[in-house]
$ cat my_file_26.tsv   # TSV, C-alpha atoms and all ligand atoms
chain	number	residue	atom	x	y	z
A	1	MET	CA	-3.13	11.77	2.06
A	2	ASP	CA	-4.41	8.43	3.43
A	3	ILE	CA	-4.73	5.58	0.97
A	4	SER	CA	-6.76	2.46	1.58
A	5	LEU	CA	-7.64	-0.62	-0.39
A	6	LYS	CA	-10.65	-2.70	0.54
A	7	GLN	CA	-11.11	-6.18	-0.91
A	8	VAL	CA	-9.52	-5.13	-4.17
A	9	GLY	CA	-9.47	-7.62	-7.04
A	10	TYR	CA	-8.07	-7.15	-10.52
A	11	LEU	CA	-8.37	-9.21	-13.69
A	12	TYR	CA	-6.23	-8.49	-16.75
A	13	ALA	CA	-8.13	-8.89	-20.08
A	14	LYS	CA	-11.37	-9.32	-18.16
A	15	ASP	CA	-14.12	-11.24	-19.98
A	16	SER	CA	-11.75	-12.40	-22.72
A	17	PRO	CA	-10.26	-15.86	-23.28
A	18	PHE	CA	-6.97	-14.40	-21.90
A	19	GLU	CA	-8.47	-13.30	-18.59
A	20	LYS	CA	-5.88	-13.48	-15.82
A	21	ARG	CA	-6.47	-12.75	-12.15
A	22	ALA	CA	-3.64	-10.66	-10.70
A	23	LEU	CA	-5.20	-9.42	-7.43
A	24	GLN	CA	-7.75	-10.91	-5.06
A	25	ASP	CA	-9.08	-9.57	-1.80
A	26	VAL	CA	-6.31	-7.03	-1.21
A	27	THR	CA	-6.98	-4.98	1.90
A	28	ALA	CA	-4.35	-2.55	3.14
A	29	THR	CA	-3.97	0.90	4.70
A	30	ILE	CA	-1.26	3.39	3.87
A	31	PRO	CA	-1.48	6.27	6.36
A	32	SER	CA	-0.66	9.80	5.28
A	33	GLY	CA	3.02	10.59	5.85
A	34	SER	CA	4.05	6.96	6.21
A	35	TYR	CA	6.87	5.25	4.34
A	36	THR	CA	5.36	1.94	3.32
A	37	SER	CA	7.20	-0.88	1.58
A	38	ILE	CA	5.37	-3.47	-0.48
A	39	ILE	CA	7.27	-6.74	-0.60
A	40	GLY	CA	6.45	-10.05	-2.25
A	41	HIS	CA	7.88	-12.69	-4.54
A	42	THR	CA	7.87	-12.11	-8.34
A	43	GLY	CA	4.32	-12.46	-9.68
A	44	SER	CA	2.71	-11.73	-6.29
A	45	GLY	CA	0.90	-8.67	-7.69
A	46	LYS	CA	3.08	-5.76	-6.51
A	47	SER	CA	3.22	-3.95	-9.87
A	48	THR	CA	-0.48	-4.42	-10.51
A	49	LEU	CA	-1.19	-3.07	-7.05
A	50	LEU	CA	0.90	0.06	-7.55
A	51	LEU	CA	-0.85	0.86	-10.83
A	52	HIS	CA	-4.04	1.12	-8.74
A	53	LEU	CA	-2.44	3.71	-6.47
A	54	ASN	CA	-2.34	6.46	-9.06
A	55	GLY	CA	-5.38	5.65	-11.12
A	56	LEU	CA	-3.60	3.94	-14.03
A	57	LEU	CA	-5.74	0.87	-13.32
A	58	LYS	CA	-9.11	0.71	-11.63
A	59	PRO	CA	-10.10	-2.29	-9.57
A	60	SER	CA	-12.30	-4.99	-11.10
A	61	GLU	CA	-13.65	-5.53	-7.58
A	62	GLY	CA	-13.52	-3.61	-4.31
A	63	VAL	CA	-12.60	-0.02	-3.51
A	64	VAL	CA	-9.40	2.03	-3.67
A	65	LYS	CA	-9.56	5.26	-1.67
A	66	ILE	CA	-6.91	7.90	-2.36
A	67	GLY	CA	-7.44	10.89	-0.09
A	68	GLU	CA	-11.06	11.83	-0.71
A	69	THR	CA	-11.21	10.13	-4.12
A	70	ILE	CA	-12.98	6.79	-4.27
A	71	ILE	CA	-12.13	4.53	-7.19
A	72	THR	CA	-14.22	1.50	-8.09
A	73	ALA	CA	-14.82	-0.41	-11.34
A	74	GLN	CA	-17.41	2.27	-12.25
A	75	THR	CA	-15.16	5.35	-11.78
A	76	LYS	CA	-14.84	7.60	-14.84
A	77	GLY	CA	-11.61	8.87	-16.47
A	78	LYS	CA	-11.72	12.46	-15.12
A	79	GLN	CA	-11.34	11.42	-11.49
A	80	MET	CA	-8.53	9.07	-12.43
A	81	LYS	CA	-6.65	12.01	-14.00
A	82	GLU	CA	-6.97	14.05	-10.78
A	83	VAL	CA	-5.44	11.19	-8.83
A	84	ARG	CA	-2.53	11.01	-11.26
A	85	GLN	CA	-1.53	14.55	-10.29
A	86	LYS	CA	-1.51	13.78	-6.58
A	87	VAL	CA	0.33	10.48	-6.80
A	88	GLY	CA	3.63	10.35	-8.71
A	89	ILE	CA	5.11	7.05	-9.81
A	90	VAL	CA	8.79	6.49	-10.41
A	91	PHE	CA	8.82	3.38	-12.60
A	92	GLN	CA	11.75	0.99	-13.01
A	93	PHE	CA	14.40	2.54	-15.25
A	94	PRO	CA	12.56	5.90	-15.36
A	95	GLU	CA	15.40	7.38	-17.47
A	96	HIS	CA	14.06	5.37	-20.43
A	97	GLN	CA	11.19	7.85	-20.55
A	98	LEU	CA	13.40	10.92	-21.02
A	99	PHE	CA	12.97	12.34	-24.50
A	100	GLU	CA	13.27	16.14	-24.66
A	101	GLU	CA	16.23	18.08	-26.10
A	102	THR	CA	17.21	19.53	-22.74
A	103	VAL	CA	16.87	18.53	-19.11
A	104	GLU	CA	14.94	21.74	-18.41
A	105	LYS	CA	12.35	20.95	-21.10
A	106	ASP	CA	12.05	17.39	-19.89
A	107	ILE	CA	11.26	18.41	-16.32
A	108	MET	CA	8.85	21.12	-17.52
A	109	PHE	CA	6.97	18.80	-19.88
A	110	GLY	CA	4.54	17.27	-17.36
A	111	PRO	CA	3.52	20.50	-15.57
A	112	LEU	CA	3.05	22.32	-18.92
A	113	ASN	CA	0.73	19.51	-20.02
A	114	PHE	CA	-1.31	19.99	-16.87
A	115	GLY	CA	-1.68	23.73	-17.63
A	116	VAL	CA	1.01	25.14	-15.30
A	117	PRO	CA	2.29	28.51	-16.67
A	118	LYS	CA	5.67	28.30	-18.41
A	119	GLU	CA	7.58	30.52	-15.95
A	120	VAL	CA	6.25	28.60	-12.96
A	121	ALA	CA	7.22	25.30	-14.59
A	122	ARG	CA	10.70	26.64	-15.38
A	123	ALA	CA	11.24	27.89	-11.80
A	124	ARG	CA	10.15	24.49	-10.51
A	125	ALA	CA	12.63	22.72	-12.82
A	126	HIS	CA	15.45	24.88	-11.41
A	127	GLU	CA	14.42	24.16	-7.80
A	128	LEU	CA	14.18	20.43	-8.46
A	129	VAL	CA	17.60	20.15	-10.03
A	130	LYS	CA	19.03	21.68	-6.86
A	131	LEU	CA	16.89	19.50	-4.60
A	132	LEU	CA	18.13	16.38	-6.36
A	133	GLY	CA	21.75	17.39	-5.96
A	134	LEU	CA	22.47	18.01	-9.65
A	135	PRO	CA	24.65	20.90	-10.89
A	136	GLU	CA	22.60	23.75	-12.34
A	137	ASP	CA	24.34	23.55	-15.72
A	138	VAL	CA	22.65	20.21	-16.46
A	139	LEU	CA	19.45	22.14	-17.23
A	140	GLN	CA	20.62	23.15	-20.69
A	141	LYS	CA	22.24	19.80	-21.48
A	142	SER	CA	20.65	16.94	-23.34
A	143	PRO	CA	19.52	14.28	-20.85
A	144	PHE	CA	21.40	11.76	-22.97
A	145	GLU	CA	24.76	13.41	-22.26
A	146	LEU	CA	24.44	12.64	-18.54
A	147	SER	CA	25.66	9.69	-16.52
A	148	GLY	CA	23.20	6.89	-15.67
A	149	GLY	CA	22.79	8.11	-12.09
A	150	GLN	CA	22.22	11.71	-13.22
A	151	MET	CA	19.67	10.61	-15.82
A	152	ARG	CA	17.75	8.78	-13.14
A	153	ARG	CA	17.73	11.91	-10.96
A	154	VAL	CA	16.40	13.98	-13.86
A	155	ALA	CA	13.63	11.44	-14.45
A	156	ILE	CA	12.75	11.58	-10.73
A	157	ALA	CA	12.66	15.39	-10.95
A	158	GLY	CA	10.14	14.99	-13.79
A	159	VAL	CA	7.84	13.07	-11.44
A	160	LEU	CA	8.33	15.53	-8.55
A	161	ALA	CA	7.53	18.42	-10.91
A	162	PHE	CA	3.83	17.53	-10.48
A	163	LYS	CA	4.22	18.31	-6.76
A	164	PRO	CA	2.75	14.97	-5.77
A	165	SER	CA	1.84	14.39	-2.14
A	166	VAL	CA	2.33	10.65	-2.60
A	167	LEU	CA	5.40	9.18	-4.25
A	168	VAL	CA	5.28	5.56	-5.44
A	169	LEU	CA	8.65	3.95	-6.19
A	170	ASP	CA	8.81	0.74	-8.24
A	171	GLU	CA	12.20	-0.85	-7.62
A	172	PRO	CA	13.83	2.57	-8.04
A	173	THR	CA	17.40	1.28	-7.68
A	174	ALA	CA	17.18	-1.47	-10.34
A	175	GLY	CA	20.35	-1.59	-12.44
A	176	LEU	CA	22.42	0.74	-10.20
A	177	ASP	CA	25.67	-0.27	-8.50
A	178	PRO	CA	25.69	-0.54	-4.66
A	179	ARG	CA	26.90	3.05	-4.22
A	180	GLY	CA	24.31	4.45	-6.66
A	181	ARG	CA	21.63	2.38	-4.91
A	182	LYS	CA	22.51	3.78	-1.51
A	183	GLU	CA	22.61	7.37	-2.84
A	184	ILE	CA	19.18	7.09	-4.47
A	185	MET	CA	17.61	5.44	-1.42
A	186	GLU	CA	19.08	8.15	0.85
A	187	LEU	CA	17.74	10.79	-1.56
A	188	PHE	CA	14.20	9.36	-1.34
A	189	ASN	CA	14.49	9.24	2.41
A	190	GLN	CA	15.46	12.91	2.48
A	191	LEU	CA	12.64	13.83	0.07
A	192	HIS	CA	10.17	11.87	2.19
A	193	GLU	CA	11.05	13.99	5.21
A	194	GLN	CA	11.64	17.39	3.60
A	195	GLU	CA	8.61	17.34	1.31
A	196	ASN	CA	6.25	15.68	3.80
A	197	LEU	CA	5.53	12.91	1.34
A	198	THR	CA	3.68	9.66	1.74
A	199	THR	CA	6.16	7.22	0.21
A	200	ILE	CA	5.36	3.77	-1.12
A	201	LEU	CA	8.29	1.58	-2.11
A	202	VAL	CA	7.97	-1.65	-4.08
A	203	THR	CA	11.17	-3.55	-3.47
A	204	HIS	CA	12.90	-6.92	-3.60
A	205	SER	CA	15.37	-5.70	-1.01
A	206	MET	CA	14.45	-6.76	2.51
A	207	GLU	CA	17.34	-4.57	3.69
A	208	ASP	CA	15.81	-1.44	2.14
A	209	ALA	CA	12.34	-2.31	3.43
A	210	ALA	CA	13.76	-2.76	6.94
A	211	ARG	CA	15.94	0.35	6.90
A	212	TYR	CA	13.67	2.94	5.34
A	213	SER	CA	10.04	2.05	5.91
A	214	ASP	CA	7.83	2.37	8.94
A	215	ARG	CA	5.18	0.02	7.52
A	216	ILE	CA	5.30	-3.08	5.35
A	217	VAL	CA	2.61	-4.81	3.30
A	218	VAL	CA	3.39	-8.37	2.21
A	219	MET	CA	1.85	-9.68	-1.02
A	220	HIS	CA	1.53	-13.37	-1.87
A	221	GLU	CA	-0.20	-14.84	-4.92
A	222	GLY	CA	-2.22	-11.67	-5.52
A	223	THR	CA	-3.40	-11.20	-1.94
A	224	SER	CA	-2.16	-9.00	0.92
A	225	VAL	CA	-1.16	-11.48	3.60
A	226	MET	CA	0.66	-9.40	6.24
A	227	GLU	CA	0.71	-5.75	7.26
A	228	GLY	CA	2.67	-4.15	10.09
A	229	THR	CA	5.83	-2.43	11.25
A	230	PRO	CA	9.22	-3.80	10.05
A	231	GLU	CA	9.72	-5.29	13.56
A	232	GLU	CA	6.38	-7.10	13.38
A	233	ILE	CA	6.98	-8.41	9.87
A	234	PHE	CA	10.64	-9.42	10.14
A	235	SER	CA	10.21	-11.18	13.47
A	236	GLN	CA	8.06	-13.78	11.65
A	237	GLU	CA	10.82	-15.47	9.68
A	238	GLU	CA	9.08	-18.82	9.12
A	239	ARG	CA	5.91	-17.22	7.90
A	240	LEU	CA	7.92	-15.10	5.46
A	241	HIS	CA	9.67	-18.24	4.20
A	242	SER	CA	6.26	-19.72	3.40
A	243	TYR	CA	5.75	-16.71	1.09
A	244	ARG	CA	9.23	-17.30	-0.42
A	245	LEU	CA	10.64	-14.22	1.31
A	246	SER	CA	13.49	-13.84	3.75
A	247	VAL	CA	14.51	-11.47	6.54
A	248	PRO	CA	17.28	-8.87	6.15
A	249	ARG	CA	20.89	-10.12	6.34
A	250	SER	CA	21.40	-8.39	9.70
A	251	VAL	CA	18.48	-10.33	11.23
A	252	ARG	CA	19.84	-13.62	9.84
A	253	PHE	CA	23.20	-12.83	11.42
A	254	GLN	CA	21.49	-11.88	14.68
A	255	ARG	CA	19.72	-15.26	14.85
A	256	ARG	CA	22.98	-17.14	14.28
A	257	MET	CA	24.73	-15.14	16.98
A	258	GLU	CA	21.86	-15.63	19.44
A	259	ASN	CA	22.05	-19.41	18.91
A	260	LEU	CA	25.80	-19.31	19.34
A	261	ILE	CA	25.85	-17.37	22.62
A	262	GLY	CA	22.55	-18.73	23.94
A	263	GLN	CA	21.08	-15.30	24.55
A	264	ARG	CA	18.51	-13.13	22.81
A	265	PHE	CA	19.30	-9.55	21.74
A	266	SER	CA	17.00	-6.92	23.23
A	267	ARG	CA	15.62	-5.86	19.82
A	268	LEU	CA	15.47	-6.93	16.21
A	269	ALA	CA	18.58	-5.92	14.23
A	270	LEU	CA	16.80	-4.35	11.26
A	271	THR	CA	20.03	-2.67	10.10
A	272	GLU	CA	23.76	-3.35	10.40
A	273	GLU	CA	24.05	-0.37	12.76
A	274	ILE	CA	21.51	-1.86	15.20
A	275	LEU	CA	23.25	-5.23	14.88
A	276	ALA	CA	26.60	-3.67	15.84
A	277	GLN	CA	25.06	-1.90	18.87
A	278	GLU	CA	23.26	-5.03	20.04
A	279	LEU	CA	26.36	-7.18	19.63
A	280	SER	CA	28.40	-4.71	21.58
A	281	THR	CA	25.96	-4.46	24.52
A	282	THR	CA	25.24	-8.19	24.63
A	283	LEU	CA	28.91	-9.16	24.57
A	284	ALA	CA	29.79	-6.43	27.10
A	285	GLY	CA	27.07	-7.85	29.39
A	286	LYS	CA	28.75	-11.26	29.10
A	287	GLY	CA	32.09	-9.73	30.02
A	288	GLU	CA	33.48	-10.25	26.51
A	289	ARG	CA	34.92	-7.56	24.30
A	290	PRO	CA	33.66	-7.48	20.75
A	291	CYS	CA	36.48	-7.76	18.26
A	301	LIG	P1	4.92	-8.56	-9.35
A	301	LIG	O1	5.04	-7.10	-9.61
A	301	LIG	O2	4.81	-8.88	-7.88
A	301	LIG	O3	6.00	-9.38	-10.00
A	301	LIG	P2	2.66	-8.48	-11.18
A	301	LIG	O4	1.66	-7.50	-10.67
A	301	LIG	O5	3.55	-8.05	-12.30
A	301	LIG	O6	3.52	-9.07	-9.97
A	301	LIG	O7	1.89	-9.79	-11.69
A	301	LIG	C1	0.82	-10.40	-10.97
A	301	LIG	C2	0.21	-11.47	-11.88
A	301	LIG	O8	-0.43	-10.84	-12.99
A	301	LIG	C3	1.24	-12.44	-12.48
A	301	LIG	O9	0.67	-13.72	-12.51
A	301	LIG	C4	1.48	-11.88	-13.86
A	301	LIG	O10	1.83	-12.93	-14.75
A	301	LIG	C5	0.11	-11.31	-14.22
A	301	LIG	N1	0.22	-10.14	-15.14
A	301	LIG	C6	0.96	-9.03	-14.96
A	301	LIG	N2	0.80	-8.16	-15.98
A	301	LIG	C7	-0.07	-8.75	-16.84
A	301	LIG	C8	-0.65	-8.37	-18.09
A	301	LIG	N3	-0.36	-7.18	-18.65
A	301	LIG	N4	-1.51	-9.24	-18.68
A	301	LIG	C9	-1.80	-10.42	-18.10
A	301	LIG	N5	-1.31	-10.84	-16.93
A	301	LIG	C10	-0.45	-10.03	-16.30
$ encode --input "my_file_26.tsv" --output "structure tokens" --more "lines below"
Ligand code: ADP
Amino acid sequence: MDISLKQVGYLYAKDSPFEKRALQDVTATIPSGSYTSIIGHTGSGKSTLLLHLNGLLKPSEGVVKIGETIITAQTKGKQMKEVRQKVGIVFQFPEHQLFEETVEKDIMFGPLNFGVPKEVARARAHELVKLLGLPEDVLQKSPFELSGGQMRRVAIAGVLAFKPSVLVLDEPTAGLDPRGRKEIMELFNQLHEQENLTTILVTHSMEDAARYSDRIVVMHEGTSVMEGTPEEIFSQEERLHSYRLSVPRSVRFQRRMENLIGQRFSRLALTEEILAQELSTTLAGKGERPC
């Protein structure tokens, strides 16, 4: 499902003394099936933007198009509800929203509310637990008996239970240790491919944006200022600095090495793996063995 934003503006508490502009003139395209990262400094409008992607907010100005649904300031509630079924959001610390007695009931809650028959919802809960790599016996446990990482997986299953075609992830690894972060990011990558999802990741991690996404939208002071592939975005280091952003660690290392040996690598080292390959070929070409 293609998503596009055209000159979108948003004002919190519009027409009140507390009015606050959060978005202005945001134009971006998120093609169906893409994995798009939204990056930007704190306060640049990322969270406000993602609330527009599943109809939780409607724009004060401009147009948001989600598949065939067009959302403007005039759009009524019913259409917004339809969008909410197609676009699932995994918020930060999604496990804080778990509340049912058992994991099974928690995962079934959303679909039951949208009128899915009980047996279908139950079967879906069982499939999802497997898909997310959880043991089947968690279904009858209380979500609060589980480890932090397992709770997060259950909460993610609750979002996937709606069978969304678009999955929006708001800093989904916040609060996890490095291993947990890697596992969750790999899980989303696998889901993206297996379930043919359009994935939108809001992240502070330039490393994750570089590794997992095929498109990046850069936000600055409420406006979309750059849009392109990770190569296009992360090759513009100075421009990113002007938006108080950096490039991934591997690219920083690449630049230092290039200056040291006086030679450019043949491609941008978006990940450590690419960096290692490039180092090896460049040094081999110079007749030196990498240590
Ligand atoms: P980010 O997610 O990039 O940190 P936000 O979308 O949260 O950015 O915030 C964009 C701007 O909107 C900021 O200036 C922020 O202070 C303001 N803002 C966010 N939420 C609200 C709110 N509920 N009421 C008023 N202003 C808000």
$ residues_near_ligand --input "my_file_26.tsv" --ligand "ligand LIG 301 (chain A)" --cutoff "12 Å" --atoms "only C-alpha atoms and all ligand atoms" --output "PyMOL selection string"
chain A and resi 9-14+16-24+38-52+57+91-92+170-171+201-204+218-224+243
$ residues_around --input "my_file_26.tsv" --residues "Arg252 in chain A" --least-positions-apart "2" --cutoff "12 Å" --atoms "only C-alpha atoms" --output "list in words"
Met206, Glu207, Phe234, Ser235, Gln236, Glu237, Glu238, Ser246, Val247, Pro248, Arg249, Ser250, Gln254, Arg255, Arg256, Met257, Glu258, Asn259, Leu268, Ala269, Leu270, Thr271, Glu272 and Leu275 of chain A
$ atom_distance --input "my_file_26.tsv" --atom1 "CA of Lys118 in chain A" --atom2 "CA of Phe144 in chain A"
23.3 Å
$ closest_residue --input "my_file_26.tsv" --among "A:Arg264, A:Lys6, A:Lys78, A:Lys105" --to "Val26 in chain A" --atoms "all atoms listed in the file"
A:Lys6
$ closest_residue --input "my_file_26.tsv" --among "A:Val168, A:Met226, A:Ile274, A:Met151" --to "Ala210 in chain A" --atoms "only C-alpha atoms"
A:Ile274
$ closest_residue --input "my_file_26.tsv" --among "A:Glu145, A:Glu119, A:Glu232, A:Asp2" --to "Pro31 in chain A" --atoms "all atoms listed in the file"
A:Asp2
$ residues_around --input "my_file_26.tsv" --residues "range 154-165 of chain A" --least-positions-apart "4" --cutoff "6 Å" --atoms "only C-alpha atoms" --output "JSON, numbers by chain"
{"A": [86, 87, 88, 94, 95, 107, 111, 128, 197]}
$ closest_atom_pairs --input "my_file_26.tsv" --of "range 87-139 of chain A" --to "range 184-195 of chain A" --cutoff "12 Å" --atoms "all atoms listed in the file" --output "tab-separated table"
residue	atom	partner	partner_atom	distance
A:Val90	CA	A:Phe188	CA	10.9
A:Leu128	CA	A:Leu191	CA	10.9
A:Leu131	CA	A:Leu191	CA	8.5
A:Leu132	CA	A:Leu187	CA	7.4
A:Gly133	CA	A:Leu187	CA	8.9
A:Leu134	CA	A:Leu187	CA	11.8
$ write_last_selection --input "my_file_26.tsv" --atoms "C-alpha atoms" --output "compact mmCIF listing (two decimals), keeping the file's coordinate frame"
# COMPACT_ATOMS: atom_id res chain seq x y z
CA VAL A 90 8.79 6.49 -10.41
CA LEU A 128 14.18 20.43 -8.46
CA LEU A 131 16.89 19.50 -4.60
CA LEU A 132 18.13 16.38 -6.36
CA GLY A 133 21.75 17.39 -5.96
CA LEU A 134 22.47 18.01 -9.65
$ atom_distance --input "my_file_26.tsv" --atom1 "CA of Phe265 in chain A" --atom2 "CA of Leu279 in chain A"
7.7 Å
$ residues_around --input "my_file_26.tsv" --residues "Pro143 in chain A" --least-positions-apart "4" --cutoff "9 Å" --atoms "all atoms listed in the file" --output "NGL selection string"
:A and (95 or 98-103 or 106 or 138-139 or 147 or 150-151 or 154)
$ axis_aligned_box --input "my_file_26.tsv" --around "range 226-233 of chain A" --padding-each-side "3 Å" --output "lines of an AutoDock Vina configuration file"
center_x = 5.2
center_y = -5.9
center_z = 9.9
size_x = 15.1
size_y = 13.0
size_z = 13.3
